[in-house]
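Remarks on the structure that follows.
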Amino acid sequence: MSTLAKRWLFRLVRSIVRPGARVFEAIASRALRRIQVQQDSRFAEMAAAQAAHLHAVEDQVSRLAGIQAAHSQSLEQDLEARGDRLGRSIAGQQAFIAAHSHLMEELRGEAARLDPRLIPAIDLSQRVRSLVRKHAGLPPDVDGAESEEDLLRELRFLWENSALVRPMLQLCAGKRVLYPGQCYYNLWYLSRELRALGWKADVFNWDSNPASQIYYHGEDFRFVGQPGEDLLALRFYAESLYGYDVFHFSNAHGIGFGSAVAARAKRELGEHGEIHLLRALGKKIVYTNNGCLDGVSQTSFSRWGPESACASCRWRDVPAVCSDQRNLQWGRFRNSVADYQCLLGGNRADYNDDPRVHENPWVYSLDAELWKPGLEIPPTLRVARRTERTLLLYHAVGNARERTRDGVNIKSTHIYAPLVGKLQAQGWDIELVQPEGVPNREVRFVQAQADIFLEMLTFGWFGANAREAMMLGKPVICYIRPEWLQSLREEVPGYADELPIVHATPDTAGAVLLDLLADEGKRRDIGRRSREFMLRWHSSQVAAVHFDEIYRRLVQGDPLLRQVASGRVPAGAGTIPVKI
């Protein structure tokens with residue numbers, strides 16, 4: 001190619017490339033400017049965010065500094081207030097100690113002048129309460145309008161100063177017993193007879209179950225969880241700390257004054273605080289054991305033969321009612337607070353194997369006039385007999401529907417009902433009487449018409465129905481566990497020797513019943529001996545004499561540990577560790 005041609009071609013290419021390059025340069029320049037603007041914008045945003053963050057940190061630091069200053073000032077004020085309270089507390093404690101010493105001297109003088117057979121004048125205990133309330137920062141005089149806050153403040157003061165209050169209350173101690181919680185009617189009639197012996201003896205009903213009320217015959221005080229009663233129950237509890245020296249409770253999980261008092265005491269004094277306060281103040285706690293789940297594991301109880309009572313119990317597989325853990329947990333607490341426990345029918349296993357657990361028939365006391373042979377029967381409660389020769393067999397189960405499963409219950413209905421049906425089919429003129437829901441004061445008229453009473457055949461002991469029957473002069477068939485009878489004999493030999501119960505097992509019940517059905521003379525003889533036995537061991541008048549001694553000795557400091565016939569505490573008693 002010639003030089004001229006090359007120059008021409010070069011000029012042509014340059015004329016084409018040069019404008020494109022300028023366009024490309026312009027596009028690239030604009031892109032670079034956009035990138036620069038975006039970067040500048042982001043840098044500006046980042047700088048603004050950083051400035052805002054620094055400003056927020058400065059604000060936070062400023063607020064924390066203010067909070068710290070306020071907290072320091074609050075701490076200084078709190079320390080100053082605590083110091084002031086401590087000073088007042090020390091001064092108040094010194095004043096309380098001085099007043100305590102002065103009142104102690106007065107109480108000793110008053111106690112020395114009182115006839116020890118009489119109840120100490122109630123104003124002695126009220127003098128102590130006035131002193132307590134005064135130094136607790138409350139009005140000394142009680143007018144029955146105390147608020148819950150004031151009462152709890154008084155209880156806290158008693159708890160914190162129990163070492164000083166206890167000896168004052170002990171100087172006021174006398175023949176004063178309160179029964180918090182019902183045990184059928186037994187403690188009602190016992191309390192009436194104790195009054196005749198000079199005791200201040202009151203029954204406090206806190207059972208909130210309406211279905212249970214048909215078994216009770218009376219009470220002096222009643223707070224059962226109705227609206228507006230919580231404060232009244234708390235006032236009653238506070239008053240009882242000064243007004244009684246012996247507190248006799250009954251029934252598994254029944255050591256208490258009701259749920260309202262328990263909840264408030266737990267909040268202020270801890271679990272079972274209302275009971276631990278009794279002990280801290282030197283009060284004596286007596287307890288009535290009520291059977292198979294009371295301090296004895298289900299495992300231990302089920303081992304007793306020849307046929308396990310637990311096998312026929314509705315509650316065997318209901319841990320909320322009966323289980324090893326529940327029963328033993330209750331036994332530990334019960335034994336940690338009770339000074340004296342009443343048991344009848346020596347199931348001495350687990351926490352019942354303790355020298356404070358006594359065979360005590362008198363706790364199940366009855367009014368001999370209320371249950372007596374020859375009662376005049378109201379027309380509405382007369383039991384119609386098929387013929388004049390028809391024999392009535394009494395077999396009752398309290399709360400039968402709740403306590404029966406698949407026709408089986410611990411009262412042995414599943415054994416007696418087929419047996420009676422079989423005998424009827426053989427021509428025996430008999431009828432089974434099974435009243436339900438009849439108030440206890442009225443059911444005695446039905447019992448009085450029966451000829452034979454049919455009690456439990458596997459449990460090993462008898463209950464309220466049998467005691468009522470014997471007081472009415474009726475024969476009772478029941479299984480009596482030999483080892484329990486022997487345990488009772490070691491402590492109360494006369495009771496074991498005289499017990500007129502007609503012994504039977506599921507295998508022998510038919511023959512035993514036939515023997516009684518065929519022999520009217522035997523029925524009358526056993527009925528007569530049953531009445532005499534009950535008058536000697538279970539009448540409320542006899543019971544009051546025994547408890548007059550038991551309560552007085554406890555108040556005087558006698559531990560009353562269980563004694564067997566030899567006069568010694570039984571070997572092995574109390575081997576279960578008690579955890580408080």
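So you can find residues: chains in the structure tokens are A, B, ... in the order shown, residues in each start at 1, and ligands are numbered from 1 in order.
The list of residues with at least one atom within 6 Å of segment 172-180 of chain A, based on only C-alpha atoms and without residues fewer than 2 positions apart in the same chain, reads Ile119, Pro120, Ser125, Leu169, Gln170, Trp199, Lys200, Ala201, Asp202, Val203, Phe204, Tyr244, Asp245, Val246, Phe247, His248 and Phe249 of chain A.
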Include N, CA and C atoms and write out the residues we just selected as a PDB file, in the first residue's frame.
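Written output follows (selection_14.pdb):
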ATOM      1  N   ILE A 119     -59.839 -22.263 136.873  1.00  0.00           N
ATOM      2  CA  ILE A 119     -59.257 -21.648 135.691  1.00  0.00           C
ATOM      3  C   ILE A 119     -58.650 -20.307 136.096  1.00  0.00           C
ATOM      4  N   PRO A 120     -57.413 -20.012 135.674  1.00  0.00           N
ATOM      5  CA  PRO A 120     -56.877 -18.681 135.974  1.00  0.00           C
ATOM      6  C   PRO A 120     -57.768 -17.592 135.394  1.00  0.00           C
ATOM      7  N   SER A 125     -54.166 -13.535 130.955  1.00  0.00           N
ATOM      8  CA  SER A 125     -53.729 -13.708 129.578  1.00  0.00           C
ATOM      9  C   SER A 125     -53.913 -12.425 128.786  1.00  0.00           C
ATOM     10  N   LEU A 169     -46.986 -16.592 129.293  1.00  0.00           N
ATOM     11  CA  LEU A 169     -48.194 -17.372 129.019  1.00  0.00           C
ATOM     12  C   LEU A 169     -48.248 -18.636 129.867  1.00  0.00           C
ATOM     13  N   GLN A 170     -47.109 -19.217 130.163  1.00  0.00           N
ATOM     14  CA  GLN A 170     -47.092 -20.411 130.998  1.00  0.00           C
ATOM     15  C   GLN A 170     -47.558 -20.106 132.424  1.00  0.00           C
ATOM     16  N   TRP A 199     -63.195 -26.938 133.332  1.00  0.00           N
ATOM     17  CA  TRP A 199     -62.381 -26.568 132.185  1.00  0.00           C
ATOM     18  C   TRP A 199     -63.094 -25.557 131.295  1.00  0.00           C
ATOM     19  N   LYS A 200     -62.313 -24.678 130.706  1.00  0.00           N
ATOM     20  CA  LYS A 200     -62.777 -23.902 129.563  1.00  0.00           C
ATOM     21  C   LYS A 200     -62.495 -24.788 128.357  1.00  0.00           C
ATOM     22  N   ALA A 201     -63.521 -25.394 127.780  1.00  0.00           N
ATOM     23  CA  ALA A 201     -63.358 -26.383 126.713  1.00  0.00           C
ATOM     24  C   ALA A 201     -64.299 -26.030 125.563  1.00  0.00           C
ATOM     25  N   ASP A 202     -63.720 -25.671 124.423  1.00  0.00           N
ATOM     26  CA  ASP A 202     -64.510 -25.206 123.282  1.00  0.00           C
ATOM     27  C   ASP A 202     -64.168 -25.996 122.023  1.00  0.00           C
ATOM     28  N   VAL A 203     -65.173 -26.150 121.160  1.00  0.00           N
ATOM     29  CA  VAL A 203     -65.010 -26.827 119.878  1.00  0.00           C
ATOM     30  C   VAL A 203     -65.106 -25.795 118.758  1.00  0.00           C
ATOM     31  N   PHE A 204     -64.098 -25.811 117.881  1.00  0.00           N
ATOM     32  CA  PHE A 204     -64.029 -24.873 116.757  1.00  0.00           C
ATOM     33  C   PHE A 204     -64.173 -25.669 115.458  1.00  0.00           C
ATOM     34  N   TYR A 244     -56.090 -20.263 125.371  1.00  0.00           N
ATOM     35  CA  TYR A 244     -56.078 -21.711 125.574  1.00  0.00           C
ATOM     36  C   TYR A 244     -54.647 -22.192 125.771  1.00  0.00           C
ATOM     37  N   ASP A 245     -54.513 -23.315 126.467  1.00  0.00           N
ATOM     38  CA  ASP A 245     -53.194 -23.877 126.748  1.00  0.00           C
ATOM     39  C   ASP A 245     -52.987 -25.237 126.088  1.00  0.00           C
ATOM     40  N   VAL A 246     -54.081 -25.934 125.794  1.00  0.00           N
ATOM     41  CA  VAL A 246     -54.024 -27.219 125.104  1.00  0.00           C
ATOM     42  C   VAL A 246     -54.836 -27.097 123.817  1.00  0.00           C
ATOM     43  N   PHE A 247     -54.262 -27.577 122.710  1.00  0.00           N
ATOM     44  CA  PHE A 247     -54.954 -27.580 121.425  1.00  0.00           C
ATOM     45  C   PHE A 247     -55.022 -29.032 120.949  1.00  0.00           C
ATOM     46  N   HIS A 248     -56.248 -29.545 120.871  1.00  0.00           N
ATOM     47  CA  HIS A 248     -56.451 -30.949 120.522  1.00  0.00           C
ATOM     48  C   HIS A 248     -57.024 -31.023 119.107  1.00  0.00           C
ATOM     49  N   PHE A 249     -56.178 -31.461 118.162  1.00  0.00           N
ATOM     50  CA  PHE A 249     -56.557 -31.578 116.751  1.00  0.00           C
ATOM     51  C   PHE A 249     -56.945 -33.015 116.425  1.00  0.00           C
TER      52      PHE A 249
END
- Hey, what's within 8 Å of Ala450 of chain A if we count only C-alpha atoms and toss same-chain stuff fewer than 4 positions away? As a list in words, please? Leu391, Leu392, Leu393, Tyr394, Val433, Val446 and Lys474 of chain A
Using the selection just defined, write its residues with C-alpha atoms as a short mmCIF file (atom, residue, chain, number, x, y, z; two decimals), in the first residue's frame.
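Saved result, again-v4.cif, follows:
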data_model
loop_
_atom_site.label_atom_id
_atom_site.label_comp_id
_atom_site.auth_asym_id
_atom_site.auth_seq_id
_atom_site.Cartn_x
_atom_site.Cartn_y
_atom_site.Cartn_z
CA LEU A 391 -84.33 -59.72 112.03
CA LEU A 392 -82.69 -56.48 110.89
CA LEU A 393 -79.00 -56.54 109.99
CA TYR A 394 -77.48 -53.05 110.07
CA VAL A 433 -80.68 -52.06 106.64
CA VAL A 446 -82.64 -46.59 112.92
CA LYS A 474 -76.31 -54.36 120.19
#
- In segment 250-490 of chain A, what's helix (DSSP H, G or I) per DSSP? Answer as number ranges by chain? A: 259-269, 273-280, 298-302, 309-312, 324-337, 350-352, 361-363, 379-381, 400-403, 413-425, 440-447, 464-471, 482-490
If you take only C-alpha atoms and a cut-off of 12 Å, which residues of segment 462-569 of chain A touch segment 343-350 of chain A, and what are their nearest atom pairs and distances in Å to one decimal, in chain and number order, as CSV?
residue,atom,partner,partner_atom,distance
A:Phe462,CA,A:Gly345,CA,8.3
A:Gly463,CA,A:Leu344,CA,9.7
A:Ala464,CA,A:Leu344,CA,11.7
A:Tyr479,CA,A:Gly345,CA,11.6
A:Ile480,CA,A:Gly345,CA,8.7
A:Arg481,CA,A:Gly345,CA,8.5
A:Pro482,CA,A:Gly346,CA,9.8
A:Glu483,CA,A:Gly346,CA,7.7
A:Trp484,CA,A:Gly346,CA,4.4
A:Leu485,CA,A:Gly345,CA,6.6
A:Gln486,CA,A:Gly346,CA,8.0
A:Ser487,CA,A:Gly346,CA,5.4
A:Leu488,CA,A:Gly346,CA,5.7
A:Arg489,CA,A:Gly346,CA,9.3
A:Glu490,CA,A:Gly346,CA,10.0
A:Glu491,CA,A:Gly346,CA,9.9
A:Val492,CA,A:Leu344,CA,10.2
A:Tyr495,CA,A:Leu344,CA,10.5
A:Ala496,CA,A:Gly345,CA,9.8
A:Leu499,CA,A:Gly345,CA,11.7
A:Trp537,CA,A:Leu344,CA,11.8
A:His538,CA,A:Leu344,CA,11.7
A:Arg562,CA,A:Leu343,CA,11.4
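Among the candidates A:Gln449, A:Thr387, A:Asp429, A:Val438, the one nearest to Leu375 of chain A when counting only C-alpha atoms is A:Gln449.
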- Item | Exercise: Ile285 of chain A partners within 12 Å, only C-alpha atoms, chain neighbours under 5 positions left out, as JSON, numbers by chain | {"A": [177, 178, 179, 180, 244, 245, 246, 247, 248, 249, 250, 255, 256, 275, 276, 277, 278, 279, 280, 334, 335, 336, 337, 338, 339, 340, 341, 342, 356, 550, 551, 554, 555, 559]}
For segment 209-317 of chain A against segment 126-135 of chain A, with a cut-off of 10 Å and counting only C-alpha atoms, what is the closest atom pair and its distance in Å to one decimal for every residue that makes the cut, ordered by chain and number, as a Markdown table?
| residue | atom | partner | partner_atom | distance |
| --- | --- | --- | --- | --- |
| A:Ala238 | CA | A:Arg129 | CA | 9.7 |
| A:Glu239 | CA | A:Arg129 | CA | 8.8 |
| A:Leu241 | CA | A:Arg129 | CA | 9.2 |
| A:Tyr242 | CA | A:Arg129 | CA | 7.0 |
| A:Gly243 | CA | A:Gln126 | CA | 8.2 |
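Comparing the minimum interatomic distances between Met471 of chain A and each of A:Gly427, A:Ala518, A:Arg401, A:Ala368, counting only C-alpha atoms, we find that A:Ala368 sits nearest.
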- Message: What's around Asn186 of chain A at 8 Å? Count only C-alpha atoms, leave out sequence neighbours fewer than 3 positions away in its own chain, and write the answer as a list of chain:residue names.
- Response: A:Cys183, A:Tyr189, A:Leu190, A:Val363, A:Tyr364, A:Ser365, A:Leu366
- Pick out the closest residue to Pro378 of chain A from this set: A:His272, A:Arg444, A:Lys283, A:Arg42. Count only C-alpha atoms. A:Arg444
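Among the candidates A:Glu193, A:Glu219, A:Asp324, A:Glu268, the residue lying nearest to Leu151 of chain A is A:Glu268 (atoms considered: only C-alpha atoms).
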- Query: Could you pull the residues within 12 Å of segment 312-320 of chain A, counting only C-alpha atoms, minus those fewer than 6 positions along the same chain, as a PyMOL selection string?
  - Reply: chain A and resi 292-293+297-299+301-302+326-327+399-415+456-459
- Item | Residue set, segment 76-317 of chain A restricted to strand (DSSP E or B), as number ranges by chain | A: 176-180, 183, 185, 200-205, 221-222, 246-250, 284-288
- Write out as an MDAnalysis selection string the residues lying within 12 Å of Ser147 of chain A, counting only C-alpha atoms and excluding same-chain residues fewer than 3 positions away. chainID A and resid 138:139 142:144 150:154 230:235 238
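Here atom CA of Ala163 of chain A stands at a distance of 9.4 Å from atom CA of Gly282 of chain A.
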- Task: Would you please work out which residue, of A:Trp206, A:Phe547, A:Phe257, A:Tyr184, is nearest to Pro361 of chain A when using only C-alpha atoms?
- Result: A:Phe547
